[in-house]
Each structure stands twice: as structure tokens, then as C-alpha cells.
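Pasting model_18.pdb here (PDB, C-alpha atoms):
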ATOM      1  CA  MET A  15      85.392  75.345  89.664
ATOM      2  CA  ASN A  16      88.505  74.671  87.631
ATOM      3  CA  ASN A  17      89.260  77.717  85.532
ATOM      4  CA  THR A  18      91.015  75.708  82.838
ATOM      5  CA  VAL A  19      89.018  75.600  79.645
ATOM      6  CA  GLN A  20      89.008  72.137  78.089
ATOM      7  CA  ALA A  21      87.767  71.607  74.555
ATOM      8  CA  TYR A  22      85.580  68.704  75.631
ATOM      9  CA  THR A  23      84.227  69.845  79.033
ATOM     10  CA  LEU A  24      83.980  73.612  78.620
ATOM     11  CA  LEU A  25      81.423  74.973  81.072
ATOM     12  CA  ASN A  26      78.380  73.020  80.052
ATOM     13  CA  ARG A  27      76.022  75.520  81.636
ATOM     14  CA  HIS A  28      76.651  77.914  78.741
ATOM     15  CA  GLN A  29      75.807  75.374  76.064
ATOM     16  CA  THR A  30      72.080  75.795  76.743
ATOM     17  CA  GLN A  31      72.223  79.526  76.038
ATOM     18  CA  ASP A  32      70.977  80.919  72.748
ATOM     19  CA  VAL A  33      73.770  81.386  70.277
ATOM     20  CA  ARG A  34      73.934  85.032  69.287
ATOM     21  CA  LYS A  35      74.522  86.277  65.771
ATOM     22  CA  ILE A  36      77.720  84.953  64.249
ATOM     23  CA  TYR A  37      80.152  87.806  63.748
ATOM     24  CA  ASN A  38      83.452  87.908  61.922
ATOM     25  CA  ALA A  39      85.483  90.219  64.112
ATOM     26  CA  LYS A  40      88.316  92.182  62.579
ATOM     27  CA  ILE A  41      91.619  91.493  64.301
ATOM     28  CA  ILE A  42      93.732  94.560  65.004
ATOM     29  CA  ALA A  43      97.308  93.778  66.022
ATOM     30  CA  CYS A  44      99.002  96.410  68.188
ATOM     31  CA  SER A  45     102.720  96.504  68.910
ATOM     32  CA  SER A  46     105.623  98.802  69.718
ATOM     33  CA  ALA A  47     109.375  98.684  69.321
ATOM     34  CA  SER A  48     109.975  99.071  73.061
ATOM     35  CA  GLY A  49     108.113  99.022  76.350
ATOM     36  CA  GLY A  50     106.751 102.088  78.121
ATOM     37  CA  VAL A  51     105.368 103.717  74.983
ATOM     38  CA  GLY A  52     101.746 103.524  76.157
ATOM     39  CA  LEU A  53     100.606 100.644  73.951
ATOM     40  CA  SER A  54      98.232  99.071  76.490
ATOM     41  CA  THR A  55      96.756 102.499  77.217
ATOM     42  CA  LEU A  56      96.163 103.033  73.503
ATOM     43  CA  ILE A  57      94.322  99.709  73.208
ATOM     44  CA  GLY A  58      92.036 100.682  76.095
ATOM     45  CA  LEU A  59      91.301 104.052  74.487
ATOM     46  CA  LEU A  60      90.489 102.380  71.167
ATOM     47  CA  ALA A  61      87.983 100.083  72.850
ATOM     48  CA  ILE A  62      86.268 103.048  74.528
ATOM     49  CA  ILE A  63      86.008 105.067  71.310
ATOM     50  CA  HIS A  64      84.176 102.130  69.688
ATOM     51  CA  GLU A  65      81.499 102.209  72.404
ATOM     52  CA  GLU A  66      79.788 105.099  70.620
ATOM     53  CA  SER A  67      78.960 102.802  67.705
ATOM     54  CA  LYS A  68      77.992 100.002  70.127
ATOM     55  CA  GLN A  69      80.709  97.676  68.905
ATOM     56  CA  GLN A  70      81.742  94.761  71.121
ATOM     57  CA  CYS A  71      85.527  94.579  71.510
ATOM     58  CA  VAL A  72      87.847  92.024  73.051
ATOM     59  CA  LEU A  73      91.255  93.058  74.383
ATOM     60  CA  VAL A  74      93.734  90.181  74.193
ATOM     61  CA  ASP A  75      97.065  90.323  76.025
ATOM     62  CA  LEU A  76      99.780  88.535  74.034
ATOM     63  CA  ASP A  77     102.564  90.428  75.754
ATOM     64  CA  ILE A  78     104.024  87.150  76.978
ATOM     65  CA  GLN A  79     107.131  88.664  78.579
ATOM     66  CA  SER A  80     105.409  91.423  80.554
ATOM     67  CA  GLY A  81     101.644  90.973  80.488
ATOM     68  CA  GLY A  82      99.642  92.923  83.052
ATOM     69  CA  LEU A  83      96.860  94.342  80.890
ATOM     70  CA  ASP A  84      94.337  93.422  83.598
ATOM     71  CA  VAL A  85      96.437  95.289  86.179
ATOM     72  CA  LEU A  86      96.514  98.455  84.077
ATOM     73  CA  LEU A  87      92.747  98.283  83.662
ATOM     74  CA  GLY A  88      92.168  97.640  87.369
ATOM     75  CA  LEU A  89      90.909  94.104  86.742
ATOM     76  CA  GLU A  90      93.560  91.960  88.430
ATOM     77  CA  HIS A  91      91.135  90.792  91.132
ATOM     78  CA  GLU A  92      88.205  90.215  88.790
ATOM     79  CA  ARG A  93      87.087  86.646  88.207
ATOM     80  CA  GLY A  94      87.378  85.354  84.677
ATOM     81  CA  LEU A  95      89.614  83.464  82.314
ATOM     82  CA  ARG A  96      93.207  84.389  81.603
ATOM     83  CA  ILE A  97      94.860  83.210  78.423
ATOM     84  CA  GLY A  98      96.953  80.676  80.341
ATOM     85  CA  ASP A  99      93.745  79.017  81.577
ATOM     86  CA  VAL A 100      92.656  78.109  78.060
ATOM     87  CA  ARG A 101      93.615  74.744  76.599
ATOM     88  CA  ALA A 102      92.737  73.567  73.108
ATOM     89  CA  PRO A 103      94.888  70.463  72.520
ATOM     90  CA  LEU A 104      92.724  69.275  69.625
ATOM     91  CA  GLY A 105      92.443  72.717  68.060
ATOM     92  CA  LYS A 106      88.795  72.950  69.109
ATOM     93  CA  ILE A 107      87.046  74.955  71.778
ATOM     94  CA  ASP A 108      83.531  75.955  72.817
ATOM     95  CA  ASP A 109      83.514  79.501  71.454
ATOM     96  CA  LEU A 110      80.308  80.563  73.209
ATOM     97  CA  ALA A 111      81.535  79.446  76.622
ATOM     98  CA  LEU A 112      84.964  80.995  76.101
ATOM     99  CA  ASN A 113      83.424  84.362  75.292
ATOM    100  CA  ALA A 114      81.083  84.164  78.290
ATOM    101  CA  GLU A 115      83.880  83.473  80.783
ATOM    102  CA  LEU A 116      86.143  86.404  79.896
ATOM    103  CA  ILE A 117      86.679  89.329  82.255
ATOM    104  CA  GLN A 118      84.144  92.094  81.701
ATOM    105  CA  TRP A 119      85.469  95.654  81.336
ATOM    106  CA  ARG A 120      82.959  98.405  80.584
ATOM    107  CA  ASN A 121      81.076  97.034  77.533
ATOM    108  CA  HIS A 122      83.967  94.878  76.433
ATOM    109  CA  LYS A 123      85.801  91.664  77.278
ATOM    110  CA  VAL A 124      89.422  91.186  78.319
ATOM    111  CA  LEU A 125      91.603  88.088  77.943
ATOM    112  CA  ALA A 126      94.653  88.955  80.019
ATOM    113  CA  HIS A 127      97.902  87.074  80.549
ATOM    114  CA  ASN A 128      99.121  86.410  84.073
ATOM    115  CA  ILE A 129     102.896  85.992  83.728
ATOM    116  CA  TRP A 130     103.323  85.067  87.399
ATOM    117  CA  HIS A 131     101.138  81.974  87.462
ATOM    118  CA  GLN A 132     100.624  80.737  83.927
ATOM    119  CA  GLU A 133     102.305  78.847  81.134
ATOM    120  CA  THR A 134     102.989  80.440  77.778
ATOM    121  CA  PRO A 135     100.245  79.503  75.271
ATOM    122  CA  GLN A 136     101.289  77.653  72.117
ATOM    123  CA  TRP A 137     100.685  79.283  68.757
ATOM    124  CA  TRP A 138      97.936  76.806  67.810
ATOM    125  CA  GLU A 139      96.132  77.599  71.061
ATOM    126  CA  VAL A 140      96.316  81.314  70.263
ATOM    127  CA  LYS A 141      94.914  80.593  66.785
ATOM    128  CA  THR A 142      92.012  78.597  68.203
ATOM    129  CA  ILE A 143      91.228  81.272  70.797
ATOM    130  CA  LEU A 144      91.197  84.104  68.264
ATOM    131  CA  GLU A 145      89.048  82.210  65.788
ATOM    132  CA  ALA A 146      86.575  81.432  68.583
ATOM    133  CA  LEU A 147      86.409  85.060  69.728
ATOM    134  CA  GLN A 148      85.855  86.254  66.159
ATOM    135  CA  LYS A 149      82.458  84.552  66.127
ATOM    136  CA  HIS A 150      80.978  86.662  68.934
ATOM    137  CA  ASN A 151      82.584  90.102  68.708
ATOM    138  CA  ASP A 152      83.068  93.011  66.341
ATOM    139  CA  LEU A 153      86.732  93.837  66.975
ATOM    140  CA  ILE A 154      89.682  92.095  68.618
ATOM    141  CA  PHE A 155      92.567  94.300  69.760
ATOM    142  CA  ILE A 156      95.738  92.341  70.453
ATOM    143  CA  ASP A 157      98.530  93.696  72.622
ATOM    144  CA  SER A 158     101.521  91.842  71.165
ATOM    145  CA  SER A 159     104.099  94.305  72.534
ATOM    146  CA  ARG A 160     107.488  93.840  70.838
ATOM    147  CA  ASN A 161     107.140  90.186  69.861
ATOM    148  CA  VAL A 162     104.717  89.673  66.978
ATOM    149  CA  LYS A 163     106.025  86.309  65.774
ATOM    150  CA  ARG A 164     103.573  84.260  67.830
ATOM    151  CA  LEU A 165     100.629  86.124  66.359
ATOM    152  CA  GLN A 166     101.908  86.002  62.785
ATOM    153  CA  LYS A 167     102.619  82.279  63.019
ATOM    154  CA  CYS A 168      98.929  81.653  63.767
ATOM    155  CA  GLY A 169      97.909  82.565  60.250
ATOM    156  CA  VAL A 170      94.738  84.414  61.298
ATOM    157  CA  ALA A 171      93.789  87.321  59.062
ATOM    158  CA  ILE A 172      95.022  90.622  60.515
ATOM    159  CA  HIS A 173      92.927  93.561  59.337
ATOM    160  CA  ALA A 174      95.357  96.250  60.477
ATOM    161  CA  HIS A 175      98.574  96.486  62.459
ATOM    162  CA  ILE A 176      98.987  99.533  64.686
ATOM    163  CA  VAL A 177     102.484 100.490  65.811
ATOM    164  CA  ALA A 178     102.813 102.869  68.763
ATOM    165  CA  VAL A 179     105.757 105.230  68.306
ATOM    166  CA  GLU A 180     107.510 107.507  70.752
ATOM    167  CA  PRO A 181     108.209 110.718  68.781
ATOM    168  CA  THR A 182     111.927 110.986  69.540
ATOM    169  CA  VAL A 183     114.949 110.299  67.353
ATOM    170  CA  LEU A 184     115.551 107.023  69.176
ATOM    171  CA  GLY A 185     111.849 106.163  69.081
ATOM    172  CA  MET A 186     111.736 106.704  65.307
ATOM    173  CA  SER A 187     114.792 104.526  64.749
ATOM    174  CA  ARG A 188     113.322 101.722  66.813
ATOM    175  CA  ALA A 189     109.952 102.019  65.102
ATOM    176  CA  LYS A 190     111.475 101.786  61.625
ATOM    177  CA  ALA A 191     113.384  98.605  62.496
ATOM    178  CA  HIS A 192     110.234  97.215  64.124
ATOM    179  CA  CYS A 193     108.078  97.886  61.045
ATOM    180  CA  ILE A 194     110.651  96.269  58.756
ATOM    181  CA  ALA A 195     110.655  93.195  60.997
ATOM    182  CA  ILE A 196     106.833  93.108  61.031
ATOM    183  CA  ALA A 197     106.638  93.084  57.221
ATOM    184  CA  GLN A 198     109.317  90.385  57.008
ATOM    185  CA  HIS A 199     107.548  88.197  59.568
ATOM    186  CA  TYR A 200     104.216  88.439  57.745
ATOM    187  CA  THR A 201     105.799  87.362  54.451
ATOM    188  CA  GLN A 202     107.714  84.549  56.169
ATOM    189  CA  TYR A 203     104.532  82.484  56.396
ATOM    190  CA  GLU A 204     102.723  81.769  53.141
ATOM    191  CA  HIS A 205      99.272  82.029  54.733
ATOM    192  CA  ASN A 206      99.863  85.657  55.783
ATOM    193  CA  LYS A 207      99.197  88.859  53.907
ATOM    194  CA  ILE A 208     100.811  92.124  54.926
ATOM    195  CA  PRO A 209      98.012  94.092  56.622
ATOM    196  CA  SER A 210      97.605  97.825  56.721
ATOM    197  CA  ILE A 211     100.368  99.155  59.002
ATOM    198  CA  LEU A 212      99.482 102.388  60.784
ATOM    199  CA  LEU A 213     101.620 104.466  63.120
ATOM    200  CA  VAL A 214     100.226 106.159  66.207
ATOM    201  CA  VAL A 215     102.446 108.772  67.832
ATOM    202  CA  MET A 216     102.300 108.510  71.632
ATOM    203  CA  ARG A 217     103.289 111.608  73.605
ATOM    204  CA  THR A 218     103.549 109.938  77.001
ATOM    205  CA  ARG A 219     105.441 112.801  78.643
ATOM    206  CA  HIS A 220     105.498 116.582  78.539
ATOM    207  CA  ALA A 221     107.959 118.015  76.050
ATOM    208  CA  THR A 222     110.827 119.622  77.995
ATOM    209  CA  LYS A 223     114.430 120.590  77.359
ATOM    210  CA  ARG A 224     115.334 116.988  78.129
ATOM    211  CA  VAL A 225     112.436 115.484  76.167
ATOM    212  CA  GLN A 226     112.558 116.865  72.639
ATOM    213  CA  TYR A 227     109.813 115.526  70.366
ATOM    214  CA  VAL A 228     110.209 115.312  66.606
ATOM    215  CA  THR A 229     107.316 116.317  64.353
ATOM    216  CA  THR A 230     104.671 113.942  63.055
ATOM    217  CA  GLN A 231     105.893 114.657  59.522
ATOM    218  CA  ASP A 232     109.396 113.569  60.521
ATOM    219  CA  VAL A 233     108.059 110.301  61.956
ATOM    220  CA  GLN A 234     106.064 109.515  58.833
ATOM    221  CA  ALA A 235     108.902 110.394  56.453
ATOM    222  CA  TYR A 236     111.518 108.393  58.355
ATOM    223  CA  VAL A 237     109.519 105.273  59.246
ATOM    224  CA  GLU A 238     107.792 105.311  55.821
ATOM    225  CA  TYR A 239     104.349 104.373  57.059
ATOM    226  CA  PRO A 240     101.334 106.670  57.528
ATOM    227  CA  VAL A 241     100.749 108.307  60.904
ATOM    228  CA  ALA A 242      97.109 107.623  61.722
ATOM    229  CA  GLY A 243      96.952 109.834  64.802
ATOM    230  CA  VAL A 244      98.735 111.524  67.690
ATOM    231  CA  ILE A 245      97.812 110.798  71.304
ATOM    232  CA  GLU A 246      98.708 113.837  73.374
ATOM    233  CA  TYR A 247     100.061 113.656  76.900
ATOM    234  CA  ASP A 248      97.262 113.356  79.469
ATOM    235  CA  ALA A 249      98.570 113.636  83.029
ATOM    236  CA  GLN A 250      95.326 112.461  84.654
ATOM    237  CA  LEU A 251      95.055 109.458  82.370
ATOM    238  CA  TYR A 252      98.581 108.176  83.021
ATOM    239  CA  LYS A 253      98.272 108.829  86.734
ATOM    240  CA  ARG A 254      95.178 106.612  86.856
ATOM    241  CA  MET A 255      96.817 103.918  84.744
ATOM    242  CA  ASP A 256      99.951 103.873  86.894
ATOM    243  CA  MET A 257      97.760 103.379  89.972
ATOM    244  CA  GLY A 258      95.792 100.562  88.331
ATOM    245  CA  LEU A 259      92.589 102.626  88.318
ATOM    246  CA  SER A 260      91.773 102.001  84.661
ATOM    247  CA  ILE A 261      90.657 104.539  82.057
ATOM    248  CA  GLN A 262      87.741 106.693  83.085
ATOM    249  CA  LYS A 263      87.157 108.661  79.905
ATOM    250  CA  ILE A 264      88.787 109.992  76.760
ATOM    251  CA  SER A 265      90.064 113.537  77.054
ATOM    252  CA  ARG A 266      88.783 116.116  74.610
ATOM    253  CA  LYS A 267      92.238 116.692  73.133
ATOM    254  CA  ASN A 268      92.560 113.027  72.122
ATOM    255  CA  LYS A 269      89.039 112.274  70.979
ATOM    256  CA  LYS A 270      89.498 113.635  67.459
ATOM    257  CA  ALA A 271      92.636 111.558  66.861
ATOM    258  CA  LEU A 272      90.942 108.404  68.167
ATOM    259  CA  LEU A 273      87.879 108.965  65.994
ATOM    260  CA  SER A 274      90.143 109.350  62.973
ATOM    261  CA  LEU A 275      91.959 106.151  63.893
ATOM    262  CA  LYS A 276      88.626 104.405  64.340
ATOM    263  CA  ARG A 277      87.599 105.344  60.795
ATOM    264  CA  LEU A 278      90.876 104.028  59.419
ATOM    265  CA  ILE A 279      90.390 100.754  61.288
ATOM    266  CA  VAL A 280      86.928 100.361  59.814
ATOM    267  CA  THR A 281      87.871 101.236  56.232
ATOM    268  CA  GLY A 282      91.481 100.082  56.337
ATOM    269  CA  ASN A 283      94.455 101.663  54.621
ATOM    270  CA  ALA A 284      95.525  98.477  52.914
ATOM    271  CA  GLN A 285      95.892  99.825  49.400
ATOM    272  CA  LEU A 286      98.589 102.307  50.409
ATOM    273  CA  ASN A 287     100.621  99.747  52.302
ATOM    274  CA  ARG A 288     100.247  96.889  49.848
ATOM    275  CA  ALA A 289     101.123  99.103  46.903
ATOM    276  CA  LYS A 290     104.228 100.232  48.701
ATOM    277  CA  HIS A 291     105.409  96.707  49.411
ATOM    278  CA  SER A 292     104.531  95.361  45.957
ATOM    279  CA  LYS A 293     107.085  97.760  44.432
ATOM    280  CA  LYS A 294     109.918  96.429  46.597
TER     281      LYS A 294
END
Rewrite the coordinates I just gave you, this time as C-alpha cells.
Amino acid sequence: MNNTVQAYTLLNRHQTQDVRKIYNAKIIACSSASGGVGLSTLIGLLAIIHEESKQQCVLVDLDIQSGGLDVLLGLEHERGLRIGDVRAPLGKIDDLALNAELIQWRNHKVLAHNIWHQETPQWWEVKTILEALQKHNDLIFIDSSRNVKRLQKCGVAIHAHIVAVEPTVLGMSRAKAHCIAIAQHYTQYEHNKIPSILLVVMRTRHATKRVQYVTTQDVQAYVEYPVAGVIEYDAQLYKRMDMGLSIQKISRKNKKALLSLKRLIVTGNAQLNRAKHSKK
């Protein structure tokens, strides 16, 4: 069967299924100022922490340059749609069929991007895909890596924007420039509102004499956005991810931070961020 999703011939066998409750999933954009910070790992952890409240999440890979979210989660050989398979030339798509054909991971769905075999999706295709997925899920986590323009151009409502930060002097500098660019890009398009921007400090390595971490307070003061949590180094976790064995569980030392971040995602921190930007 052709994997390409066409707006007018999309997997007719799903059209006879009962349509489940219409949701309005919150879209959580996730990005970082540079690669190797642990952004994809963070997105996987966030999906797992939402399993306790039985929330259905979709992980969308918009890291067009690098991709590989399915590889990190051990799903590269699983059958299912990749984002390059989806076509919506008329801006319409069968949302129920799209959701049914995604790769299954734990209790969630994954829409990965295969950079080796697929074309880059156009912004209107991304918009159509996200709006379709919103109807059948509770949360959509988007791995946009360093390039957030494609997502912001879509004009879909972003509930929160999480920025993964490496807690070093260089990492802080990059994160500050990245956050400034994010705010500018959102205001560039009239249909966008600046969402709540939250920092997550990622300790992806042990602190050593060569790796000197700055404090969370330093990160927050310099980047000028709230730090929503700190993900501590977990040797077993990163070993599994590097081997493409996916995430097995959340370590005890990171569960509290992820639960706190989950609460912020649900309630939002928009007032703090919007007040800050309205004064500028």
C-alpha cells in the first residue's frame, strides 16, 4: 500500500470507524539553540510523564535538518507514516485516518521525519497536519530543534514554547540569542501570539573540571525567562538513547522536575511572559 497520504484517497478503511471525541490538543513547541542538548530525549520524557494522567500525546519531528526522532525512540523499523509521506495540496486531510496511521510508541503516537528518503514538508502541509492531529489528541509536542520559523509561519496556536538549555556559559549565551529570535519570529506574523516561553536546564553530562555548569539562577537571570525545571544527568538513560533502545522509564531524580513542568504546561505561564514583552 502506498504510504503517501492524499487528501482525497486517505485510507478509506478508517472512514467507517467511529469518530472519537473531538479534542483540542495543546501544541507545545520545543527547541534548543544548538544540537546535542537532549531536546528529543526531553520530549520523550514529557510524553511519559503525561501517561499518569492518561493523556494522549503526539510527538512530531520538525527537525528538518537532522530528524531521527524515530531512531532515538527505537522505532526506525516500525511501520507507520512519516511526515514526508503526508500530502495535503488542498489544505485538507482525513484527520481520523492520519491519526490512525502514525507510529505507535507506548501510549502515544509519533510522526517522525526521515531525512534520508523524504522531501521537506511545506508550511501549509505542516499547518494542516497539526490541525488534524489536534482533533484526536490531548497534547502535541513538536521537536523543532534550532529552526522554529516553519512552525511559526503556520499560524497555529502555540500553548507554550520550551527551550532546552545547556547550563554552561556558552549554552546560556546561545539560549538567550535563541529566545530573542523566537520572540521576534512570533511577532513577525500577525496571526501569532507570543506563547509562554519556559527554559529547561539539561545536564547531559557529569560535571567535571572540564565541564563546569553554571547555576539555575544564573541561567534564569541571564536568559531572562523562567527555568521550569532541571533534568539531571542519567547515564543509563543516555546510554539507551544512544543505542536506539528508547526510554524505559523516568528516573527518580528527574520525576519531580518533570511533574513540575507538566503542571506548568497544563496551566501555562503566559501572564509572566506576555507582561514582560508588553513592557518592551
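For segment 75-87 of chain A, the list of residues within 8 Å, based on only C-alpha atoms and with local chain neighbours fewer than 5 positions off taken out, reads Ser54, Thr55, Gly58, Ile97, Val124, Leu125, Ala126, His127, Asn128, Ile129, Thr134, Ile156, Asp157, Ser158, Ser159, Arg160, Asn161, Met255, Asp256, Met257, Gly258, Leu259, Ser260 and Ile261 of chain A.
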Name all residues at most 12 Å from Leu56 of chain A (count only C-alpha atoms; drop same-chain ones fewer than 4 positions away) and give them as a PDB file with C-alpha atoms, keeping the file's coordinate frame.
ATOM      1  CA  ALA A  43      97.308  93.778  66.022  1.00  0.00           C
ATOM      2  CA  CYS A  44      99.002  96.410  68.188  1.00  0.00           C
ATOM      3  CA  SER A  45     102.720  96.504  68.910  1.00  0.00           C
ATOM      4  CA  SER A  46     105.623  98.802  69.718  1.00  0.00           C
ATOM      5  CA  GLY A  50     106.751 102.088  78.121  1.00  0.00           C
ATOM      6  CA  VAL A  51     105.368 103.717  74.983  1.00  0.00           C
ATOM      7  CA  GLY A  52     101.746 103.524  76.157  1.00  0.00           C
ATOM      8  CA  LEU A  60      90.489 102.380  71.167  1.00  0.00           C
ATOM      9  CA  ALA A  61      87.983 100.083  72.850  1.00  0.00           C
ATOM     10  CA  ILE A  62      86.268 103.048  74.528  1.00  0.00           C
ATOM     11  CA  ILE A  63      86.008 105.067  71.310  1.00  0.00           C
ATOM     12  CA  LEU A  73      91.255  93.058  74.383  1.00  0.00           C
ATOM     13  CA  LEU A  83      96.860  94.342  80.890  1.00  0.00           C
ATOM     14  CA  LEU A  86      96.514  98.455  84.077  1.00  0.00           C
ATOM     15  CA  LEU A  87      92.747  98.283  83.662  1.00  0.00           C
ATOM     16  CA  PHE A 155      92.567  94.300  69.760  1.00  0.00           C
ATOM     17  CA  ILE A 156      95.738  92.341  70.453  1.00  0.00           C
ATOM     18  CA  ASP A 157      98.530  93.696  72.622  1.00  0.00           C
ATOM     19  CA  SER A 159     104.099  94.305  72.534  1.00  0.00           C
ATOM     20  CA  ILE A 176      98.987  99.533  64.686  1.00  0.00           C
ATOM     21  CA  VAL A 177     102.484 100.490  65.811  1.00  0.00           C
ATOM     22  CA  ALA A 178     102.813 102.869  68.763  1.00  0.00           C
ATOM     23  CA  VAL A 179     105.757 105.230  68.306  1.00  0.00           C
ATOM     24  CA  LEU A 213     101.620 104.466  63.120  1.00  0.00           C
ATOM     25  CA  VAL A 214     100.226 106.159  66.207  1.00  0.00           C
ATOM     26  CA  VAL A 215     102.446 108.772  67.832  1.00  0.00           C
ATOM     27  CA  MET A 216     102.300 108.510  71.632  1.00  0.00           C
ATOM     28  CA  ARG A 217     103.289 111.608  73.605  1.00  0.00           C
ATOM     29  CA  THR A 218     103.549 109.938  77.001  1.00  0.00           C
ATOM     30  CA  GLY A 243      96.952 109.834  64.802  1.00  0.00           C
ATOM     31  CA  VAL A 244      98.735 111.524  67.690  1.00  0.00           C
ATOM     32  CA  ILE A 245      97.812 110.798  71.304  1.00  0.00           C
ATOM     33  CA  GLU A 246      98.708 113.837  73.374  1.00  0.00           C
ATOM     34  CA  TYR A 247     100.061 113.656  76.900  1.00  0.00           C
ATOM     35  CA  ASP A 248      97.262 113.356  79.469  1.00  0.00           C
ATOM     36  CA  LEU A 251      95.055 109.458  82.370  1.00  0.00           C
ATOM     37  CA  TYR A 252      98.581 108.176  83.021  1.00  0.00           C
ATOM     38  CA  MET A 255      96.817 103.918  84.744  1.00  0.00           C
ATOM     39  CA  ILE A 261      90.657 104.539  82.057  1.00  0.00           C
ATOM     40  CA  ILE A 264      88.787 109.992  76.760  1.00  0.00           C
ATOM     41  CA  ASN A 268      92.560 113.027  72.122  1.00  0.00           C
ATOM     42  CA  LYS A 269      89.039 112.274  70.979  1.00  0.00           C
ATOM     43  CA  ALA A 271      92.636 111.558  66.861  1.00  0.00           C
ATOM     44  CA  LEU A 272      90.942 108.404  68.167  1.00  0.00           C
ATOM     45  CA  LEU A 275      91.959 106.151  63.893  1.00  0.00           C
ATOM     46  CA  LYS A 276      88.626 104.405  64.340  1.00  0.00           C
TER      47      LYS A 276
END
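The residues caught by the PyMOL selection byres ((chain A and resi 69) around 12) in this file are Tyr37, Ala39, Lys40, Leu60, Ala61, Ile62, Ile63, His64, Glu65, Glu66, Ser67, Lys68, Gln70, Cys71, Val72, Arg120, Asn121, His122, Lys123, His150, Asn151, Asp152, Leu153, Ile154, Lys276 and Val280 of chain A.
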Please define a box with edges along x, y and z of the file around all atoms of segment 111-122 of chain A given in the file, extend it by 6 Å on each side, and return its centre and edge lengths in Å to one decimal, as AutoDock Vina command-line options.
--center_x 83.9 --center_y 88.9 --center_z 78.8 --size_x 17.6 --size_y 31.0 --size_z 19.0
Spell out the residues picked by the PyMOL selection byres ((chain A and resi 163) around 10) here, as a list in words. Trp137, Ser158, Arg160, Asn161, Val162, Arg164, Leu165, Gln166, Lys167, Cys168, Ala195, Ile196, His199, Tyr200 and Gln202 of chain A
Skip segment 145-149 of chain A itself and residues of its chain fewer than 4 positions away, then list as a ChimeraX atom specification all residues within 9 Å of it, counting only C-alpha atoms. /A:35-41,72,106-110,112-113,140-141,153-154,170
| request: Return as an NGL selection string the set of residues that the PyMOL selection byres ((chain A and resi 171) around 8) yields on the displayed structure. | output: :A and (41 or 169-170 or 172-173 or 206-207)
I need the chosen residues saved as a short mmCIF file (atom, residue, chain, number, x, y, z; two decimals), in the frame of the given file, with C-alpha atoms.
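To be explicit, this is the file written out as result.cif:
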data_model
loop_
_atom_site.label_atom_id
_atom_site.label_comp_id
_atom_site.auth_asym_id
_atom_site.auth_seq_id
_atom_site.Cartn_x
_atom_site.Cartn_y
_atom_site.Cartn_z
CA ILE A 41 91.62 91.49 64.30
CA GLY A 169 97.91 82.56 60.25
CA VAL A 170 94.74 84.41 61.30
CA ILE A 172 95.02 90.62 60.52
CA HIS A 173 92.93 93.56 59.34
CA ASN A 206 99.86 85.66 55.78
CA LYS A 207 99.20 88.86 53.91
#
From the structure just shown, export segment 161-166 of chain A with all heavy atoms as a PDB file, in the first residue's frame.
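Output file decode.pdb follows:
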ATOM      1  N   ASN A 161      15.482  25.493  14.277  1.00  0.00           N
ATOM      2  CA  ASN A 161      14.748  26.288  13.297  1.00  0.00           C
ATOM      3  C   ASN A 161      13.259  26.275  13.626  1.00  0.00           C
ATOM      4  O   ASN A 161      12.571  25.280  13.413  1.00  0.00           O
ATOM      5  CB  ASN A 161      14.982  25.728  11.884  1.00  0.00           C
ATOM      6  CG  ASN A 161      14.395  26.612  10.812  1.00  0.00           C
ATOM      7  OD1 ASN A 161      13.804  27.648  11.107  1.00  0.00           O
ATOM      8  ND2 ASN A 161      14.534  26.206   9.570  1.00  0.00           N
ATOM      9  N   VAL A 162      12.753  27.387  14.131  1.00  0.00           N
ATOM     10  CA  VAL A 162      11.344  27.455  14.523  1.00  0.00           C
ATOM     11  C   VAL A 162      10.506  28.243  13.525  1.00  0.00           C
ATOM     12  O   VAL A 162       9.297  28.374  13.687  1.00  0.00           O
ATOM     13  CB  VAL A 162      11.200  28.091  15.925  1.00  0.00           C
ATOM     14  CG1 VAL A 162      11.876  27.231  16.984  1.00  0.00           C
ATOM     15  CG2 VAL A 162      11.787  29.506  15.948  1.00  0.00           C
ATOM     16  N   LYS A 163      11.123  28.767  12.478  1.00  0.00           N
ATOM     17  CA  LYS A 163      10.401  29.594  11.520  1.00  0.00           C
ATOM     18  C   LYS A 163       9.260  28.854  10.845  1.00  0.00           C
ATOM     19  O   LYS A 163       8.173  29.400  10.653  1.00  0.00           O
ATOM     20  CB  LYS A 163      11.359  30.140  10.457  1.00  0.00           C
ATOM     21  CG  LYS A 163      11.934  31.504  10.786  1.00  0.00           C
ATOM     22  CD  LYS A 163      12.639  32.082   9.571  1.00  0.00           C
ATOM     23  CE  LYS A 163      13.085  33.513   9.863  1.00  0.00           C
ATOM     24  NZ  LYS A 163      13.700  34.141   8.672  1.00  0.00           N
ATOM     25  N   ARG A 164       9.522  27.598  10.447  1.00  0.00           N
ATOM     26  CA  ARG A 164       8.499  26.825   9.744  1.00  0.00           C
ATOM     27  C   ARG A 164       7.247  26.669  10.600  1.00  0.00           C
ATOM     28  O   ARG A 164       6.122  26.799  10.114  1.00  0.00           O
ATOM     29  CB  ARG A 164       9.049  25.458   9.355  1.00  0.00           C
ATOM     30  CG  ARG A 164       8.118  24.619   8.488  1.00  0.00           C
ATOM     31  CD  ARG A 164       8.772  23.274   8.167  1.00  0.00           C
ATOM     32  NE  ARG A 164      10.082  23.468   7.567  1.00  0.00           N
ATOM     33  CZ  ARG A 164      10.279  23.660   6.267  1.00  0.00           C
ATOM     34  NH1 ARG A 164       9.260  23.681   5.454  1.00  0.00           N
ATOM     35  NH2 ARG A 164      11.502  23.830   5.804  1.00  0.00           N
ATOM     36  N   LEU A 165       7.454  26.398  11.871  1.00  0.00           N
ATOM     37  CA  LEU A 165       6.328  26.231  12.783  1.00  0.00           C
ATOM     38  C   LEU A 165       5.591  27.545  12.989  1.00  0.00           C
ATOM     39  O   LEU A 165       4.355  27.600  12.953  1.00  0.00           O
ATOM     40  CB  LEU A 165       6.828  25.684  14.119  1.00  0.00           C
ATOM     41  CG  LEU A 165       5.796  25.544  15.236  1.00  0.00           C
ATOM     42  CD1 LEU A 165       4.687  24.587  14.822  1.00  0.00           C
ATOM     43  CD2 LEU A 165       6.470  25.062  16.513  1.00  0.00           C
ATOM     44  N   GLN A 166       6.329  28.624  13.201  1.00  0.00           N
ATOM     45  CA  GLN A 166       5.704  29.912  13.475  1.00  0.00           C
ATOM     46  C   GLN A 166       4.953  30.457  12.264  1.00  0.00           C
ATOM     47  O   GLN A 166       3.946  31.147  12.393  1.00  0.00           O
ATOM     48  CB  GLN A 166       6.772  30.904  13.949  1.00  0.00           C
ATOM     49  CG  GLN A 166       7.328  30.534  15.313  1.00  0.00           C
ATOM     50  CD  GLN A 166       8.633  31.251  15.634  1.00  0.00           C
ATOM     51  OE1 GLN A 166       9.400  31.586  14.746  1.00  0.00           O
ATOM     52  NE2 GLN A 166       8.878  31.488  16.906  1.00  0.00           N
TER      53      GLN A 166
END
